[in-house]
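Colleague: Next comes upload_29.txt, compact mmCIF, N, CA and C atoms:
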```txt
# COMPACT_ATOMS: atom_id res chain seq x y z
N MET J 1 -5.79 -4.05 -25.51
CA MET J 1 -6.74 -3.64 -24.51
C MET J 1 -6.01 -2.79 -23.46
N THR J 2 -6.66 -1.74 -23.04
CA THR J 2 -6.16 -0.91 -21.95
C THR J 2 -7.25 -0.87 -20.89
N GLN J 3 -6.86 -1.02 -19.67
CA GLN J 3 -7.83 -1.06 -18.58
C GLN J 3 -7.32 -0.20 -17.44
N THR J 4 -8.18 0.69 -16.94
CA THR J 4 -7.86 1.45 -15.74
C THR J 4 -8.79 0.98 -14.64
N MET J 5 -8.27 0.91 -13.44
CA MET J 5 -9.08 0.37 -12.35
C MET J 5 -8.75 1.09 -11.06
N LYS J 6 -9.79 1.38 -10.30
CA LYS J 6 -9.64 1.96 -8.97
C LYS J 6 -10.19 0.95 -7.98
N CYS J 7 -9.37 0.57 -7.02
CA CYS J 7 -9.79 -0.41 -6.02
C CYS J 7 -10.87 0.18 -5.12
N ILE J 8 -11.96 -0.55 -4.97
CA ILE J 8 -13.02 -0.10 -4.07
C ILE J 8 -13.23 -1.05 -2.90
N GLY J 9 -12.52 -2.18 -2.92
CA GLY J 9 -12.62 -3.12 -1.82
C GLY J 9 -11.77 -4.35 -2.05
N ASN J 10 -11.39 -5.02 -0.97
CA ASN J 10 -10.64 -6.26 -1.08
C ASN J 10 -10.80 -7.09 0.18
N TRP J 11 -10.49 -8.36 0.08
CA TRP J 11 -10.48 -9.25 1.24
C TRP J 11 -9.48 -10.37 0.98
N VAL J 12 -9.00 -10.97 2.05
CA VAL J 12 -8.04 -12.06 1.97
C VAL J 12 -8.68 -13.31 2.56
N THR J 13 -8.60 -14.42 1.82
CA THR J 13 -9.15 -15.68 2.30
C THR J 13 -8.18 -16.33 3.28
N PRO J 14 -8.64 -17.29 4.08
CA PRO J 14 -7.73 -17.98 4.99
C PRO J 14 -6.56 -18.67 4.28
N SER J 15 -6.74 -19.03 2.99
CA SER J 15 -5.66 -19.68 2.26
C SER J 15 -4.65 -18.68 1.69
N GLY J 16 -4.89 -17.37 1.88
CA GLY J 16 -3.94 -16.35 1.44
C GLY J 16 -4.24 -15.72 0.09
N VAL J 17 -5.36 -16.09 -0.55
CA VAL J 17 -5.73 -15.48 -1.82
C VAL J 17 -6.39 -14.13 -1.55
N THR J 18 -5.92 -13.09 -2.25
CA THR J 18 -6.50 -11.76 -2.12
C THR J 18 -7.46 -11.52 -3.28
N TYR J 19 -8.68 -11.12 -2.96
CA TYR J 19 -9.66 -10.74 -3.97
C TYR J 19 -9.79 -9.24 -3.97
N ILE J 20 -9.80 -8.64 -5.15
CA ILE J 20 -9.87 -7.19 -5.30
C ILE J 20 -11.08 -6.85 -6.15
N ILE J 21 -11.90 -5.92 -5.69
CA ILE J 21 -13.02 -5.40 -6.47
C ILE J 21 -12.67 -3.99 -6.88
N GLY J 22 -12.81 -3.71 -8.16
CA GLY J 22 -12.47 -2.39 -8.66
C GLY J 22 -13.50 -1.91 -9.66
N THR J 23 -13.42 -0.64 -9.96
CA THR J 23 -14.26 -0.05 -10.99
C THR J 23 -13.36 0.78 -11.89
N GLY J 24 -13.73 0.87 -13.16
CA GLY J 24 -12.90 1.63 -14.08
C GLY J 24 -13.40 1.53 -15.50
N GLU J 25 -12.50 1.81 -16.42
CA GLU J 25 -12.82 1.81 -17.85
C GLU J 25 -12.01 0.73 -18.55
N ILE J 26 -12.60 0.17 -19.60
CA ILE J 26 -11.93 -0.81 -20.43
C ILE J 26 -11.97 -0.30 -21.87
N TRP J 27 -10.80 -0.18 -22.47
CA TRP J 27 -10.68 0.23 -23.88
C TRP J 27 -10.17 -0.97 -24.65
N GLU J 28 -10.93 -1.41 -25.63
CA GLU J 28 -10.51 -2.55 -26.44
C GLU J 28 -10.21 -2.09 -27.86
N PHE J 29 -9.10 -2.56 -28.40
CA PHE J 29 -8.66 -2.22 -29.75
C PHE J 29 -9.12 -3.34 -30.68
N TRP J 30 -9.93 -2.99 -31.67
CA TRP J 30 -10.44 -4.01 -32.60
C TRP J 30 -9.70 -3.96 -33.92
N GLU J 31 -9.48 -2.78 -34.44
CA GLU J 31 -8.72 -2.58 -35.67
C GLU J 31 -8.31 -1.12 -35.69
N PRO J 32 -7.41 -0.72 -36.57
CA PRO J 32 -6.95 0.68 -36.56
C PRO J 32 -8.11 1.66 -36.59
N GLY J 33 -8.11 2.58 -35.63
CA GLY J 33 -9.15 3.59 -35.55
C GLY J 33 -10.43 3.13 -34.87
N ASP J 34 -10.49 1.89 -34.43
CA ASP J 34 -11.72 1.37 -33.82
C ASP J 34 -11.44 0.89 -32.40
N TYR J 35 -11.66 1.79 -31.46
CA TYR J 35 -11.52 1.46 -30.05
C TYR J 35 -12.92 1.41 -29.44
N ARG J 36 -13.17 0.43 -28.62
CA ARG J 36 -14.46 0.33 -27.95
C ARG J 36 -14.24 0.54 -26.46
N ASN J 37 -15.07 1.43 -25.90
CA ASN J 37 -14.90 1.84 -24.52
C ASN J 37 -16.10 1.38 -23.71
N ALA J 38 -15.82 0.81 -22.56
CA ALA J 38 -16.86 0.47 -21.60
C ALA J 38 -16.51 1.19 -20.30
N GLU J 39 -17.31 2.19 -19.94
CA GLU J 39 -17.04 2.97 -18.73
C GLU J 39 -17.74 2.37 -17.52
N HIS J 40 -17.20 2.67 -16.36
CA HIS J 40 -17.81 2.30 -15.07
C HIS J 40 -18.10 0.81 -14.99
N GLN J 41 -17.12 0.00 -15.38
CA GLN J 41 -17.24 -1.45 -15.28
C GLN J 41 -16.70 -1.90 -13.92
N TYR J 42 -17.37 -2.87 -13.33
CA TYR J 42 -16.87 -3.48 -12.10
C TYR J 42 -16.06 -4.71 -12.48
N VAL J 43 -14.93 -4.89 -11.78
CA VAL J 43 -14.02 -5.98 -12.08
C VAL J 43 -13.65 -6.68 -10.77
N CYS J 44 -13.59 -8.00 -10.82
CA CYS J 44 -13.13 -8.79 -9.68
C CYS J 44 -11.84 -9.48 -10.10
N MET J 45 -10.83 -9.41 -9.24
CA MET J 45 -9.55 -10.04 -9.53
C MET J 45 -9.10 -10.87 -8.33
N ALA J 46 -8.36 -11.94 -8.62
CA ALA J 46 -7.79 -12.79 -7.58
C ALA J 46 -6.27 -12.74 -7.70
N LEU J 47 -5.59 -12.60 -6.56
CA LEU J 47 -4.15 -12.42 -6.55
C LEU J 47 -3.52 -13.32 -5.49
N GLU J 48 -2.38 -13.91 -5.85
CA GLU J 48 -1.67 -14.79 -4.91
C GLU J 48 -0.19 -14.79 -5.30
N THR J 49 0.67 -14.97 -4.33
CA THR J 49 2.10 -15.07 -4.62
C THR J 49 2.67 -16.29 -3.91
N ASP J 50 3.67 -16.89 -4.54
CA ASP J 50 4.37 -18.00 -3.90
C ASP J 50 5.77 -17.57 -3.45
N GLY J 51 6.01 -16.25 -3.47
CA GLY J 51 7.31 -15.71 -3.09
C GLY J 51 8.20 -15.44 -4.29
N LEU J 52 8.02 -16.19 -5.37
CA LEU J 52 8.82 -15.98 -6.58
C LEU J 52 7.99 -15.40 -7.71
N LYS J 53 6.73 -15.78 -7.76
CA LYS J 53 5.84 -15.33 -8.83
C LYS J 53 4.57 -14.74 -8.23
N ILE J 54 3.94 -13.85 -9.00
CA ILE J 54 2.64 -13.30 -8.64
C ILE J 54 1.64 -13.81 -9.66
N TYR J 55 0.57 -14.43 -9.19
CA TYR J 55 -0.48 -14.94 -10.05
C TYR J 55 -1.68 -14.00 -9.91
N LEU J 56 -2.20 -13.50 -11.03
CA LEU J 56 -3.29 -12.55 -11.02
C LEU J 56 -4.28 -12.93 -12.11
N SER J 57 -5.55 -13.08 -11.75
CA SER J 57 -6.59 -13.41 -12.71
C SER J 57 -7.75 -12.45 -12.58
N GLN J 58 -8.37 -12.15 -13.71
CA GLN J 58 -9.55 -11.29 -13.75
C GLN J 58 -10.77 -12.16 -13.99
N GLY J 59 -11.84 -11.89 -13.22
CA GLY J 59 -13.07 -12.66 -13.35
C GLY J 59 -13.89 -12.24 -14.56
N PHE J 60 -14.88 -13.04 -14.89
CA PHE J 60 -15.81 -12.72 -15.97
C PHE J 60 -16.79 -11.66 -15.50
N GLY J 61 -16.92 -10.58 -16.26
CA GLY J 61 -17.89 -9.54 -15.92
C GLY J 61 -17.66 -8.97 -14.54
N ALA J 62 -18.74 -8.59 -13.88
CA ALA J 62 -18.65 -7.98 -12.56
C ALA J 62 -18.55 -9.01 -11.45
N GLY J 63 -18.80 -10.27 -11.76
CA GLY J 63 -18.76 -11.30 -10.73
C GLY J 63 -17.38 -11.88 -10.53
N CYS J 64 -17.23 -12.59 -9.45
CA CYS J 64 -15.96 -13.26 -9.17
C CYS J 64 -16.04 -14.69 -9.68
N ASP J 65 -16.32 -14.82 -10.98
CA ASP J 65 -16.43 -16.12 -11.61
C ASP J 65 -15.20 -16.40 -12.45
N GLY J 66 -14.68 -17.61 -12.35
CA GLY J 66 -13.55 -18.02 -13.16
C GLY J 66 -14.02 -18.75 -14.39
N PHE J 67 -13.12 -19.44 -15.05
CA PHE J 67 -13.44 -20.18 -16.26
C PHE J 67 -13.98 -21.55 -15.86
N GLY J 68 -15.29 -21.71 -15.95
CA GLY J 68 -15.91 -22.98 -15.60
C GLY J 68 -15.95 -23.26 -14.12
N GLY J 69 -15.83 -22.24 -13.29
CA GLY J 69 -15.86 -22.44 -11.85
C GLY J 69 -15.54 -21.15 -11.13
N GLU J 70 -15.12 -21.31 -9.89
CA GLU J 70 -14.80 -20.16 -9.05
C GLU J 70 -13.53 -19.47 -9.51
N LEU J 71 -13.50 -18.13 -9.40
CA LEU J 71 -12.31 -17.37 -9.75
C LEU J 71 -11.20 -17.71 -8.77
N SER J 72 -10.02 -17.98 -9.32
CA SER J 72 -8.83 -18.21 -8.51
C SER J 72 -7.68 -17.48 -9.19
N PRO J 73 -6.54 -17.35 -8.54
CA PRO J 73 -5.41 -16.65 -9.15
C PRO J 73 -4.90 -17.29 -10.44
N ARG J 74 -5.31 -18.51 -10.73
CA ARG J 74 -4.87 -19.19 -11.95
C ARG J 74 -6.03 -19.54 -12.87
N ASN J 75 -7.24 -19.11 -12.55
CA ASN J 75 -8.42 -19.48 -13.34
C ASN J 75 -9.34 -18.28 -13.47
N GLY J 76 -9.22 -17.57 -14.59
CA GLY J 76 -10.07 -16.42 -14.82
C GLY J 76 -10.16 -16.12 -16.30
N LEU J 77 -10.80 -15.01 -16.62
CA LEU J 77 -10.91 -14.56 -18.00
C LEU J 77 -9.54 -14.20 -18.55
N ARG J 78 -8.77 -13.47 -17.78
CA ARG J 78 -7.40 -13.10 -18.14
C ARG J 78 -6.50 -13.53 -16.99
N ASN J 79 -5.45 -14.26 -17.30
CA ASN J 79 -4.54 -14.78 -16.30
C ASN J 79 -3.13 -14.26 -16.54
N LEU J 80 -2.52 -13.71 -15.52
CA LEU J 80 -1.16 -13.20 -15.61
C LEU J 80 -0.27 -13.91 -14.61
N VAL J 81 0.95 -14.20 -15.02
CA VAL J 81 1.96 -14.70 -14.11
C VAL J 81 3.13 -13.72 -14.22
N LEU J 82 3.42 -13.03 -13.14
CA LEU J 82 4.50 -12.05 -13.11
C LEU J 82 5.67 -12.66 -12.37
N GLU J 83 6.82 -12.64 -13.01
CA GLU J 83 7.99 -13.26 -12.42
C GLU J 83 9.17 -12.30 -12.51
N LYS J 84 9.79 -12.05 -11.39
CA LYS J 84 10.96 -11.17 -11.36
C LYS J 84 12.17 -12.00 -11.76
N THR J 85 12.91 -11.47 -12.71
CA THR J 85 14.14 -12.14 -13.12
C THR J 85 15.31 -11.21 -12.86
N ILE J 86 16.41 -11.78 -12.51
CA ILE J 86 17.62 -11.00 -12.29
C ILE J 86 18.42 -11.03 -13.58
N ARG J 87 18.66 -9.85 -14.12
CA ARG J 87 19.42 -9.76 -15.36
C ARG J 87 20.65 -8.91 -15.11
N LEU J 88 21.78 -9.48 -15.35
CA LEU J 88 23.02 -8.73 -15.24
C LEU J 88 23.13 -7.81 -16.45
N GLU J 89 23.77 -6.69 -16.27
CA GLU J 89 23.87 -5.70 -17.33
C GLU J 89 24.46 -6.28 -18.62
N GLU J 90 25.38 -7.22 -18.49
CA GLU J 90 25.99 -7.80 -19.68
C GLU J 90 24.98 -8.63 -20.49
N ASN J 91 23.89 -9.05 -19.86
CA ASN J 91 22.86 -9.80 -20.58
C ASN J 91 21.88 -8.90 -21.31
N CYS J 92 21.92 -7.61 -21.04
CA CYS J 92 20.96 -6.69 -21.64
C CYS J 92 21.47 -6.17 -22.98
N GLU J 93 21.66 -7.07 -23.89
CA GLU J 93 22.10 -6.71 -25.23
C GLU J 93 21.15 -7.33 -26.24
N PHE J 94 20.99 -6.63 -27.35
CA PHE J 94 20.17 -7.18 -28.41
C PHE J 94 20.90 -8.36 -29.06
N PRO J 95 20.17 -9.35 -29.54
CA PRO J 95 20.83 -10.46 -30.24
C PRO J 95 21.53 -9.95 -31.51
N ALA J 96 22.48 -10.72 -32.00
CA ALA J 96 23.26 -10.31 -33.16
C ALA J 96 22.39 -10.05 -34.38
N TRP J 97 21.31 -10.84 -34.55
CA TRP J 97 20.47 -10.65 -35.74
C TRP J 97 19.74 -9.31 -35.70
N VAL J 98 19.48 -8.77 -34.50
CA VAL J 98 18.84 -7.46 -34.39
C VAL J 98 19.89 -6.38 -34.68
N GLN J 99 21.08 -6.56 -34.13
CA GLN J 99 22.14 -5.57 -34.32
C GLN J 99 22.67 -5.53 -35.75
N SER J 100 22.42 -6.58 -36.53
CA SER J 100 22.95 -6.65 -37.89
C SER J 100 22.38 -5.58 -38.82
N SER J 101 21.22 -5.07 -38.51
CA SER J 101 20.64 -3.98 -39.30
C SER J 101 20.46 -2.78 -38.38
N PRO J 102 21.05 -1.62 -38.68
CA PRO J 102 20.98 -0.49 -37.76
C PRO J 102 19.61 0.16 -37.66
N THR J 103 18.74 -0.03 -38.66
CA THR J 103 17.43 0.60 -38.64
C THR J 103 16.35 -0.42 -38.99
N TRP J 104 15.28 -0.41 -38.19
CA TRP J 104 14.14 -1.30 -38.42
C TRP J 104 12.90 -0.42 -38.57
N GLN J 105 12.02 -0.81 -39.47
CA GLN J 105 10.76 -0.08 -39.67
C GLN J 105 9.65 -0.80 -38.94
N ILE J 106 8.83 -0.04 -38.21
CA ILE J 106 7.69 -0.61 -37.48
C ILE J 106 6.47 -0.57 -38.40
N ILE J 107 5.85 -1.71 -38.59
CA ILE J 107 4.63 -1.76 -39.39
C ILE J 107 3.49 -2.10 -38.44
N PRO J 108 2.53 -1.17 -38.26
CA PRO J 108 1.41 -1.43 -37.36
C PRO J 108 0.60 -2.65 -37.83
N GLN J 109 -0.12 -3.25 -36.89
CA GLN J 109 -0.92 -4.43 -37.19
C GLN J 109 -1.88 -4.19 -38.36
N GLY J 110 -2.42 -2.99 -38.46
CA GLY J 110 -3.37 -2.68 -39.52
C GLY J 110 -2.71 -2.23 -40.81
N GLY J 111 -1.39 -2.21 -40.87
CA GLY J 111 -0.67 -1.78 -42.07
C GLY J 111 -0.35 -0.29 -42.03
N MET J 112 0.36 0.17 -43.03
CA MET J 112 0.76 1.57 -43.12
C MET J 112 -0.41 2.42 -43.61
N ARG J 113 -0.42 3.69 -43.21
CA ARG J 113 -1.44 4.63 -43.66
C ARG J 113 -0.77 5.79 -44.37
N LEU J 114 -1.45 6.37 -45.33
CA LEU J 114 -0.87 7.47 -46.10
C LEU J 114 -0.78 8.76 -45.32
N ASN J 115 -1.62 8.94 -44.28
CA ASN J 115 -1.64 10.21 -43.55
C ASN J 115 -0.60 10.28 -42.43
N GLU J 116 0.28 9.29 -42.32
CA GLU J 116 1.31 9.33 -41.28
C GLU J 116 2.43 10.28 -41.67
N GLN J 117 3.16 10.79 -40.68
CA GLN J 117 4.24 11.75 -40.91
C GLN J 117 5.46 11.11 -41.56
N GLY J 118 5.51 9.84 -41.58
CA GLY J 118 6.65 9.11 -42.13
C GLY J 118 6.70 7.76 -41.46
N PRO J 119 7.58 6.90 -41.92
CA PRO J 119 7.64 5.58 -41.30
C PRO J 119 8.12 5.66 -39.85
N ARG J 120 7.57 4.83 -39.03
CA ARG J 120 8.04 4.73 -37.64
C ARG J 120 9.24 3.81 -37.65
N LEU J 121 10.31 4.26 -36.97
CA LEU J 121 11.57 3.54 -37.04
C LEU J 121 12.09 3.19 -35.65
N VAL J 122 12.84 2.11 -35.59
CA VAL J 122 13.64 1.76 -34.42
C VAL J 122 15.07 1.75 -34.92
N GLU J 123 15.91 2.60 -34.32
CA GLU J 123 17.31 2.69 -34.71
C GLU J 123 18.14 2.10 -33.58
N ILE J 124 18.93 1.08 -33.87
CA ILE J 124 19.80 0.45 -32.88
C ILE J 124 21.03 1.35 -32.74
N THR J 125 21.18 2.01 -31.58
CA THR J 125 22.28 2.96 -31.39
C THR J 125 23.51 2.34 -30.75
N SER J 126 23.32 1.22 -30.04
CA SER J 126 24.45 0.47 -29.48
C SER J 126 23.94 -0.95 -29.22
N SER J 127 24.78 -1.79 -28.66
CA SER J 127 24.37 -3.18 -28.45
C SER J 127 23.24 -3.32 -27.43
N GLY J 128 22.99 -2.26 -26.64
CA GLY J 128 21.95 -2.35 -25.63
C GLY J 128 21.01 -1.17 -25.58
N SER J 129 21.02 -0.30 -26.59
CA SER J 129 20.10 0.84 -26.58
C SER J 129 19.53 1.06 -27.98
N PHE J 130 18.41 1.78 -28.02
CA PHE J 130 17.75 2.03 -29.29
C PHE J 130 17.04 3.37 -29.24
N ARG J 131 16.64 3.85 -30.39
CA ARG J 131 15.94 5.12 -30.54
C ARG J 131 14.65 4.87 -31.30
N LEU J 132 13.54 5.32 -30.72
CA LEU J 132 12.24 5.23 -31.40
C LEU J 132 11.98 6.56 -32.06
N GLY J 133 11.52 6.53 -33.28
CA GLY J 133 11.24 7.80 -33.96
C GLY J 133 10.45 7.60 -35.23
N VAL J 134 10.27 8.68 -35.93
CA VAL J 134 9.62 8.65 -37.23
C VAL J 134 10.61 9.13 -38.28
N GLY J 135 10.25 8.97 -39.54
CA GLY J 135 11.15 9.27 -40.63
C GLY J 135 11.68 10.69 -40.67
N ASP J 136 11.01 11.63 -39.98
CA ASP J 136 11.46 13.03 -40.03
C ASP J 136 12.59 13.33 -39.04
N GLY J 137 13.07 12.32 -38.31
CA GLY J 137 14.20 12.52 -37.41
C GLY J 137 13.83 12.76 -35.97
N THR J 138 12.56 12.94 -35.63
CA THR J 138 12.18 13.11 -34.24
C THR J 138 12.14 11.76 -33.56
N GLY J 139 12.32 11.72 -32.25
CA GLY J 139 12.27 10.46 -31.54
C GLY J 139 12.82 10.55 -30.15
N GLN J 140 12.93 9.40 -29.50
CA GLN J 140 13.42 9.32 -28.14
C GLN J 140 14.36 8.13 -28.02
N THR J 141 15.47 8.32 -27.31
CA THR J 141 16.45 7.26 -27.14
C THR J 141 16.23 6.54 -25.82
N PHE J 142 16.36 5.21 -25.86
CA PHE J 142 16.21 4.36 -24.68
C PHE J 142 17.49 3.57 -24.46
```
Could you show the structure in this file as C-alpha cells?
Modeller:
Amino acid sequence: MTQTMKCIGNWVTPSGVTYIIGTGEIWEFWEPGDYRNAEHQYVCMALETDGLKIYLSQGFGAGCDGFGGELSPRNGLRNLVLEKTIRLEENCEFPAWVQSSPTWQIIPQGGMRLNEQGPRLVEITSSGSFRLGVGDGTGQTF
C-alpha cells in the first residue's frame, strides 16, 4: 500500500496526543498489475511519543475511530511504532550467510514474468554495500 497525505488540520489533547486530519490518495496493491486507487480520502491519525518511540495509528475510514473504540496512538486500523536505534558503522554489515553468495535474484511476490528485461539482482559488493540491478548490467550501488 502507498498512501499520500496532506495535513489539513490537527489538535493536541491535554494528555499530549496529537490528532491529524489529512486528505490524499491511497494505492493498494492486490496482485501484480492490479493496483486499486482511492482518491480524495480523508484520514484521521493519532500520534504520541514517549521520548524514545513514536506511536502512530490510522483511524478507520474518515472518522477518528480505533479498533473497537476510540482512536489512540496504539489502537487503530494501522499501527506503527517508530524507534530510533543507534548503530555503529561496524554493525552495518550483512550477515555471513548473505555474504556467502555474491549474487541474489529477486523474485517478485507474483512470480517472474516473461516480458521483464532480465532477472532483478542484488549483488553484494562488500560486507556493507550492495548493488541493485537487472540481468543486463544496469543498476545502482548502495
Colleague: What is the distance between CA of Glu83 (chain J) and CA of Tyr55 (chain J), in Å to one decimal?
Modeller: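 Calculated distance between CA of Glu83 (chain J) and CA of Tyr55 (chain J) is 9.0 Å.
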Colleague: If we count only C-alpha atoms and set the cut-off at 6 Å, which residues sit around Leu121 (chain J), ignoring sequence neighbours fewer than 5 positions away in its own chain? Please answer as a PyMOL selection string.
Modeller: chain J and resi 104-106+132-134
Colleague: Quick one, how far is atom C of Tyr19 (chain J) from atom N of Gly51 (chain J)?
Modeller: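 Separation of atom C of Tyr19 (chain J) and atom N of Gly51 (chain J): 17.3 Å.
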Colleague: So how many Å separate atom C of Ile54 (chain J) and CA of Glu25 (chain J), to one decimal?
Modeller: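 Spanning atom C of Ile54 (chain J) to CA of Glu25 (chain J) is a straight-line distance of 22.8 Å.
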Colleague: Dig up all the protein and nucleic acid residues within 8 Å of (-11.6, -9.9, -2.8) in the file frame, using all atoms listed in the file, and format them as an NGL selection string.
Modeller: :J and (9-13 or 17-21 or 44-47)
Colleague: With distances taken over only C-alpha atoms, which residue among J:Lys53, J:Thr125, J:Gly24, J:His40 lies nearest Thr85 (chain J)?
Modeller: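 Among the listed residues, J:Lys53 lies closest to Thr85 (chain J).
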Colleague: Do a neighbour search on region 57-71 of chain J at 5 Å with all atoms listed in the file, toss out local chain neighbours closer than 5 positions, and write the hits as a PyMOL selection string.
Modeller: chain J and resi 42-46+76-80
Colleague: With distances taken over only C-alpha atoms, which residue among J:Gly16, J:Ile124, J:Glu39, J:Pro73 lies nearest Pro102 (chain J)?
Modeller: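 Smallest distance to Pro102 (chain J) is found for J:Ile124.
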